[in-house]
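Student: Here it is: the structure, laid out below.
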Amino acid sequence: MLHPQLRIEQVAPAYEQTLPPNGVITLRTLPFCIGRGFANELRVDHTDVSRRHACVRFEDDYYLIEDLGSRNGTLVNGVRLAGGEQRRLRDGDIIQVAGIISLAFVDPFVTREQPDIRPMRVRGLWLDPQAQIVLLGSERVDLP
């Protein structure tokens, strides 16, 4: 089973904590909470981080991050969330927790663009991924 991940991008220089050696945290349990308290899935033992700082959830087929009313804020791509605000996470979004740690969200279900894909023809079927066109003979096939 695929799980989303948080890739550690940056840790404040004054902050030292044992983090995963490969710099990747797999979110096997959701909700996945971040904070200074012991009950969090990611414990960041720093005074700038609130006991319950932020939480990643999965709702309606989307990953969301919520600031849990933290004192020093949760930012997504440089924009601070209001206390209690939820924001949809997209692959590659950067989450900053109180300026102490920056994490990149990795969505395992994202469809990645492949730049060198060319149109393809097989036995009367023609596919053009760039133009998103499918032809069967000379008839266009509409896909959902």
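Numbering starts fresh at 1 for the residues of each chain in the structure tokens, the chains themselves are lettered A, B, ... in the order given, and ligands are numbered from 1 as they appear.
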Contacts of Ser102 of chain A at 7 Å or less, counting only C-alpha atoms, minus same-chain residues fewer than 4 places along, as a list in words?

Tutor: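 With the cut-off at 7 Å, the set is Ile8, Glu9, Gln10, Val11, Ile94, Ile95, Gln96 and Val97 of chain A.
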
Student: Which neighbours of Ser138 of chain A fall inside 10 Å, counting only C-alpha atoms, when residues of the same chain fewer than 6 positions from it are skipped, and could you give them as a PyMOL selection string?

Tutor: chain A and resi 124-126

Student: Neighbours of segment 64-74 of chain A within 9 Å (only C-alpha atoms; same-chain residues fewer than 3 positions away dropped), as a VMD selection string?

Tutor: chain A and resid 48 to 59 79 to 90 95 to 99

Student: Next, write the just-selected residues to a file, as a tab-separated table (two decimals), in the first residue's frame, keeping N, CA, C and O atoms as the atom set.

Tutor:
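Printed below is part-v9.tsv as written:
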```
chain	number	residue	atom	x	y	z
A	48	ASP	N	9.67	26.66	20.19
A	48	ASP	CA	8.89	27.43	19.22
A	48	ASP	C	7.73	26.63	18.64
A	48	ASP	O	6.85	27.18	17.99
A	49	VAL	N	7.74	25.32	18.86
A	49	VAL	CA	6.70	24.43	18.33
A	49	VAL	C	5.67	24.19	19.43
A	49	VAL	O	6.02	23.86	20.57
A	50	SER	N	4.40	24.34	19.10
A	50	SER	CA	3.33	24.11	20.08
A	50	SER	C	3.20	22.61	20.39
A	50	SER	O	3.61	21.77	19.61
A	51	ARG	N	2.58	22.31	21.55
A	51	ARG	CA	2.39	20.90	21.93
A	51	ARG	C	1.62	20.14	20.86
A	51	ARG	O	1.93	19.02	20.53
A	52	ARG	N	0.55	20.74	20.35
A	52	ARG	CA	-0.21	20.20	19.21
A	52	ARG	C	-0.20	21.30	18.16
A	52	ARG	O	-0.98	22.24	18.25
A	53	HIS	N	0.68	21.18	17.20
A	53	HIS	CA	0.96	22.27	16.27
A	53	HIS	C	0.13	22.19	14.98
A	53	HIS	O	-0.56	23.14	14.62
A	54	ALA	N	0.22	21.05	14.30
A	54	ALA	CA	-0.48	20.89	13.02
A	54	ALA	C	-0.79	19.41	12.80
A	54	ALA	O	-0.20	18.55	13.45
A	55	CYS	N	-1.70	19.16	11.88
A	55	CYS	CA	-2.12	17.79	11.64
A	55	CYS	C	-2.44	17.59	10.16
A	55	CYS	O	-3.07	18.45	9.54
A	56	VAL	N	-1.98	16.46	9.58
A	56	VAL	CA	-2.31	16.09	8.22
A	56	VAL	C	-3.43	15.06	8.29
A	56	VAL	O	-3.35	14.09	9.03
A	57	ARG	N	-4.49	15.29	7.51
A	57	ARG	CA	-5.66	14.40	7.49
A	57	ARG	C	-5.96	14.00	6.05
A	57	ARG	O	-5.50	14.64	5.11
A	58	PHE	N	-6.79	12.96	5.90
A	58	PHE	CA	-7.27	12.54	4.59
A	58	PHE	C	-8.78	12.60	4.62
A	58	PHE	O	-9.42	11.90	5.40
A	59	GLU	N	-9.37	13.48	3.80
A	59	GLU	CA	-10.82	13.64	3.76
A	59	GLU	C	-11.27	13.84	2.32
A	59	GLU	O	-10.67	14.63	1.59
A	79	VAL	N	2.71	30.70	2.91
A	79	VAL	CA	1.48	31.39	3.35
A	79	VAL	C	1.05	30.79	4.68
A	79	VAL	O	0.82	29.58	4.79
A	80	ARG	N	0.91	31.66	5.68
A	80	ARG	CA	0.55	31.19	7.02
A	80	ARG	C	-0.94	30.82	7.09
A	80	ARG	O	-1.79	31.55	6.59
A	81	LEU	N	-1.21	29.68	7.73
A	81	LEU	CA	-2.58	29.25	7.96
A	81	LEU	C	-3.10	29.91	9.23
A	81	LEU	O	-2.35	30.06	10.20
A	82	ALA	N	-4.35	30.27	9.23
A	82	ALA	CA	-4.98	30.77	10.46
A	82	ALA	C	-5.22	29.57	11.38
A	82	ALA	O	-5.29	28.43	10.92
A	83	GLY	N	-5.32	29.82	12.68
A	83	GLY	CA	-5.60	28.74	13.63
A	83	GLY	C	-6.88	28.02	13.24
A	83	GLY	O	-7.91	28.65	13.03
A	84	GLY	N	-6.82	26.71	13.11
A	84	GLY	CA	-7.98	25.92	12.73
A	84	GLY	C	-8.22	25.84	11.23
A	84	GLY	O	-9.08	25.09	10.77
A	85	GLU	N	-7.46	26.60	10.44
A	85	GLU	CA	-7.65	26.58	8.98
A	85	GLU	C	-7.08	25.31	8.39
A	85	GLU	O	-6.00	24.85	8.78
A	86	GLN	N	-7.80	24.73	7.45
A	86	GLN	CA	-7.34	23.56	6.71
A	86	GLN	C	-6.98	23.97	5.29
A	86	GLN	O	-7.66	24.79	4.69
A	87	ARG	N	-5.93	23.38	4.75
A	87	ARG	CA	-5.52	23.67	3.38
A	87	ARG	C	-5.23	22.35	2.69
A	87	ARG	O	-4.59	21.47	3.26
A	88	ARG	N	-5.71	22.23	1.46
A	88	ARG	CA	-5.45	21.01	0.67
A	88	ARG	C	-3.97	20.97	0.31
A	88	ARG	O	-3.39	21.97	-0.11
A	89	LEU	N	-3.38	19.78	0.48
A	89	LEU	CA	-1.98	19.60	0.12
A	89	LEU	C	-1.86	19.04	-1.28
A	89	LEU	O	-2.62	18.15	-1.67
A	90	ARG	N	-0.91	19.55	-2.02
A	90	ARG	CA	-0.60	19.05	-3.35
A	90	ARG	C	0.84	18.56	-3.35
A	90	ARG	O	1.66	19.02	-2.57
A	95	ILE	N	5.74	22.61	3.68
A	95	ILE	CA	5.12	22.91	4.98
A	95	ILE	C	6.22	23.36	5.92
A	95	ILE	O	7.23	22.68	6.08
A	96	GLN	N	6.03	24.52	6.56
A	96	GLN	CA	6.99	25.00	7.54
A	96	GLN	C	6.30	25.02	8.90
A	96	GLN	O	5.19	25.54	9.04
A	97	VAL	N	6.97	24.43	9.87
A	97	VAL	CA	6.44	24.34	11.23
A	97	VAL	C	7.25	25.29	12.10
A	97	VAL	O	8.42	25.02	12.40
A	98	ALA	N	6.65	26.43	12.45
A	98	ALA	CA	7.25	27.43	13.35
A	98	ALA	C	8.64	27.88	12.91
A	98	ALA	O	9.45	28.29	13.73
A	99	GLY	N	8.95	27.77	11.64
A	99	GLY	CA	10.27	28.17	11.17
A	99	GLY	C	11.39	27.24	11.61
A	99	GLY	O	12.57	27.53	11.39
```

Student: Compile the contact shell of Leu27 of chain A as a PyMOL selection string: residues with an atom at most 8 Å away, counting only C-alpha atoms, same-chain residues fewer than 6 positions apart removed.

Tutor: chain A and resi 3-6

Student: Got time to write the residues from that selection, N, CA and C atoms, as a PDB file, in the first residue's frame?

Tutor:
```
ATOM      1  N   HIS A   3       1.724   5.141   0.809  1.00  0.00           N
ATOM      2  CA  HIS A   3       1.431   6.118   1.849  1.00  0.00           C
ATOM      3  C   HIS A   3       2.064   7.445   1.461  1.00  0.00           C
ATOM      4  N   PRO A   4       1.432   8.564   1.828  1.00  0.00           N
ATOM      5  CA  PRO A   4       2.065   9.854   1.578  1.00  0.00           C
ATOM      6  C   PRO A   4       3.312   9.989   2.444  1.00  0.00           C
ATOM      7  N   GLN A   5       4.169  10.911   2.063  1.00  0.00           N
ATOM      8  CA  GLN A   5       5.411  11.115   2.806  1.00  0.00           C
ATOM      9  C   GLN A   5       5.661  12.600   3.014  1.00  0.00           C
ATOM     10  N   LEU A   6       6.455  12.888   4.021  1.00  0.00           N
ATOM     11  CA  LEU A   6       6.996  14.222   4.234  1.00  0.00           C
ATOM     12  C   LEU A   6       8.504  14.097   4.093  1.00  0.00           C
TER      13      LEU A   6
END
```

Student: One decimal, in Å: what's the spacing between atom CA of Leu42 of chain A and atom CA of Asp60 of chain A?

Tutor: 23.7 Å

Student: Between atom CA of Asp45 of chain A and atom CA of Tyr62 of chain A, what distance in Å does the model show, to one decimal?

Tutor: 28.6 Å

Student: What's the separation between atom CA of Val106 of chain A and atom CA of Arg43 of chain A, in Å to one decimal place?

Tutor: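 Between these atoms lies a distance of 19.4 Å.
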
Student: Taking the chain letters and numbering used in this document, name the residues of segment 23-140 of chain A that DSSP puts in strand (DSSP E), as an MDAnalysis selection string.

Tutor: chainID A and resid 24:26 32:35 42:43 54:59 62:67 74:76 79:80 86:88 94:97 101:106 120:122 125:128 133:136 139:140

Student: Residues at most 12 Å from Val141 of chain A, counting only C-alpha atoms, excluding those fewer than 4 positions away in the same chain, as a list in words?

Tutor: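 Those residues are Leu125, Trp126, Leu127, Asp128, Gln132, Ile133, Val134, Leu135, Leu136 and Gly137 of chain A.
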
Student: Taking all heavy atoms for each residue, export the selection above as a compact mmCIF listing (two decimals), in the first residue's frame.

Tutor:
```
# COMPACT_ATOMS: atom_id res chain seq x y z
N LEU A 125 -5.63 2.59 -33.51
CA LEU A 125 -5.82 3.41 -32.30
C LEU A 125 -4.69 4.43 -32.27
O LEU A 125 -3.52 4.09 -32.38
CB LEU A 125 -5.76 2.52 -31.05
CG LEU A 125 -5.97 3.22 -29.72
CD1 LEU A 125 -7.39 3.77 -29.62
CD2 LEU A 125 -5.69 2.26 -28.57
N TRP A 126 -5.07 5.72 -32.13
CA TRP A 126 -4.07 6.78 -32.11
C TRP A 126 -4.21 7.54 -30.80
O TRP A 126 -5.30 7.99 -30.45
CB TRP A 126 -4.30 7.71 -33.30
CG TRP A 126 -3.23 8.73 -33.50
CD1 TRP A 126 -1.99 8.52 -34.01
CD2 TRP A 126 -3.31 10.12 -33.21
NE1 TRP A 126 -1.29 9.70 -34.06
CE2 TRP A 126 -2.10 10.71 -33.57
CE3 TRP A 126 -4.32 10.93 -32.67
CZ2 TRP A 126 -1.83 12.05 -33.41
CZ3 TRP A 126 -4.05 12.28 -32.52
CH2 TRP A 126 -2.82 12.83 -32.89
N LEU A 127 -3.10 7.66 -30.07
CA LEU A 127 -3.09 8.34 -28.77
C LEU A 127 -2.13 9.51 -28.83
O LEU A 127 -0.98 9.35 -29.23
CB LEU A 127 -2.63 7.39 -27.66
CG LEU A 127 -3.39 6.08 -27.52
CD1 LEU A 127 -2.66 5.13 -26.59
CD2 LEU A 127 -4.78 6.34 -26.99
N ASP A 128 -2.59 10.67 -28.40
CA ASP A 128 -1.73 11.85 -28.30
C ASP A 128 -1.87 12.40 -26.88
O ASP A 128 -2.81 13.14 -26.58
CB ASP A 128 -2.12 12.90 -29.33
CG ASP A 128 -1.14 14.09 -29.34
OD1 ASP A 128 -0.37 14.24 -28.37
OD2 ASP A 128 -1.17 14.85 -30.31
N GLN A 132 -4.15 15.29 -25.53
CA GLN A 132 -5.19 14.51 -24.85
C GLN A 132 -6.29 14.11 -25.83
O GLN A 132 -7.48 14.34 -25.60
CB GLN A 132 -5.75 15.27 -23.65
CG GLN A 132 -4.71 15.52 -22.59
CD GLN A 132 -5.27 16.20 -21.36
OE1 GLN A 132 -6.35 16.76 -21.37
NE2 GLN A 132 -4.53 16.12 -20.27
N ILE A 133 -5.85 13.50 -26.93
CA ILE A 133 -6.76 13.04 -27.97
C ILE A 133 -6.58 11.54 -28.17
O ILE A 133 -5.46 11.05 -28.23
CB ILE A 133 -6.50 13.78 -29.31
CG1 ILE A 133 -6.78 15.28 -29.16
CG2 ILE A 133 -7.32 13.18 -30.43
CD1 ILE A 133 -6.37 16.10 -30.36
N VAL A 134 -7.72 10.85 -28.33
CA VAL A 134 -7.72 9.43 -28.66
C VAL A 134 -8.60 9.27 -29.90
O VAL A 134 -9.74 9.73 -29.93
CB VAL A 134 -8.28 8.57 -27.51
CG1 VAL A 134 -8.34 7.10 -27.92
CG2 VAL A 134 -7.45 8.75 -26.25
N LEU A 135 -8.04 8.62 -30.92
CA LEU A 135 -8.80 8.34 -32.14
C LEU A 135 -8.84 6.83 -32.35
O LEU A 135 -7.83 6.15 -32.20
CB LEU A 135 -8.15 8.99 -33.36
CG LEU A 135 -8.08 10.51 -33.40
CD1 LEU A 135 -7.31 10.97 -34.63
CD2 LEU A 135 -9.46 11.13 -33.38
N LEU A 136 -10.00 6.34 -32.73
CA LEU A 136 -10.16 4.94 -33.11
C LEU A 136 -10.57 4.98 -34.58
O LEU A 136 -11.69 5.39 -34.91
CB LEU A 136 -11.21 4.25 -32.25
CG LEU A 136 -11.43 2.77 -32.51
CD1 LEU A 136 -10.13 1.99 -32.34
CD2 LEU A 136 -12.47 2.20 -31.55
N GLY A 137 -9.63 4.65 -35.45
CA GLY A 137 -9.84 4.88 -36.88
C GLY A 137 -9.83 6.38 -37.09
O GLY A 137 -8.86 7.04 -36.76
```
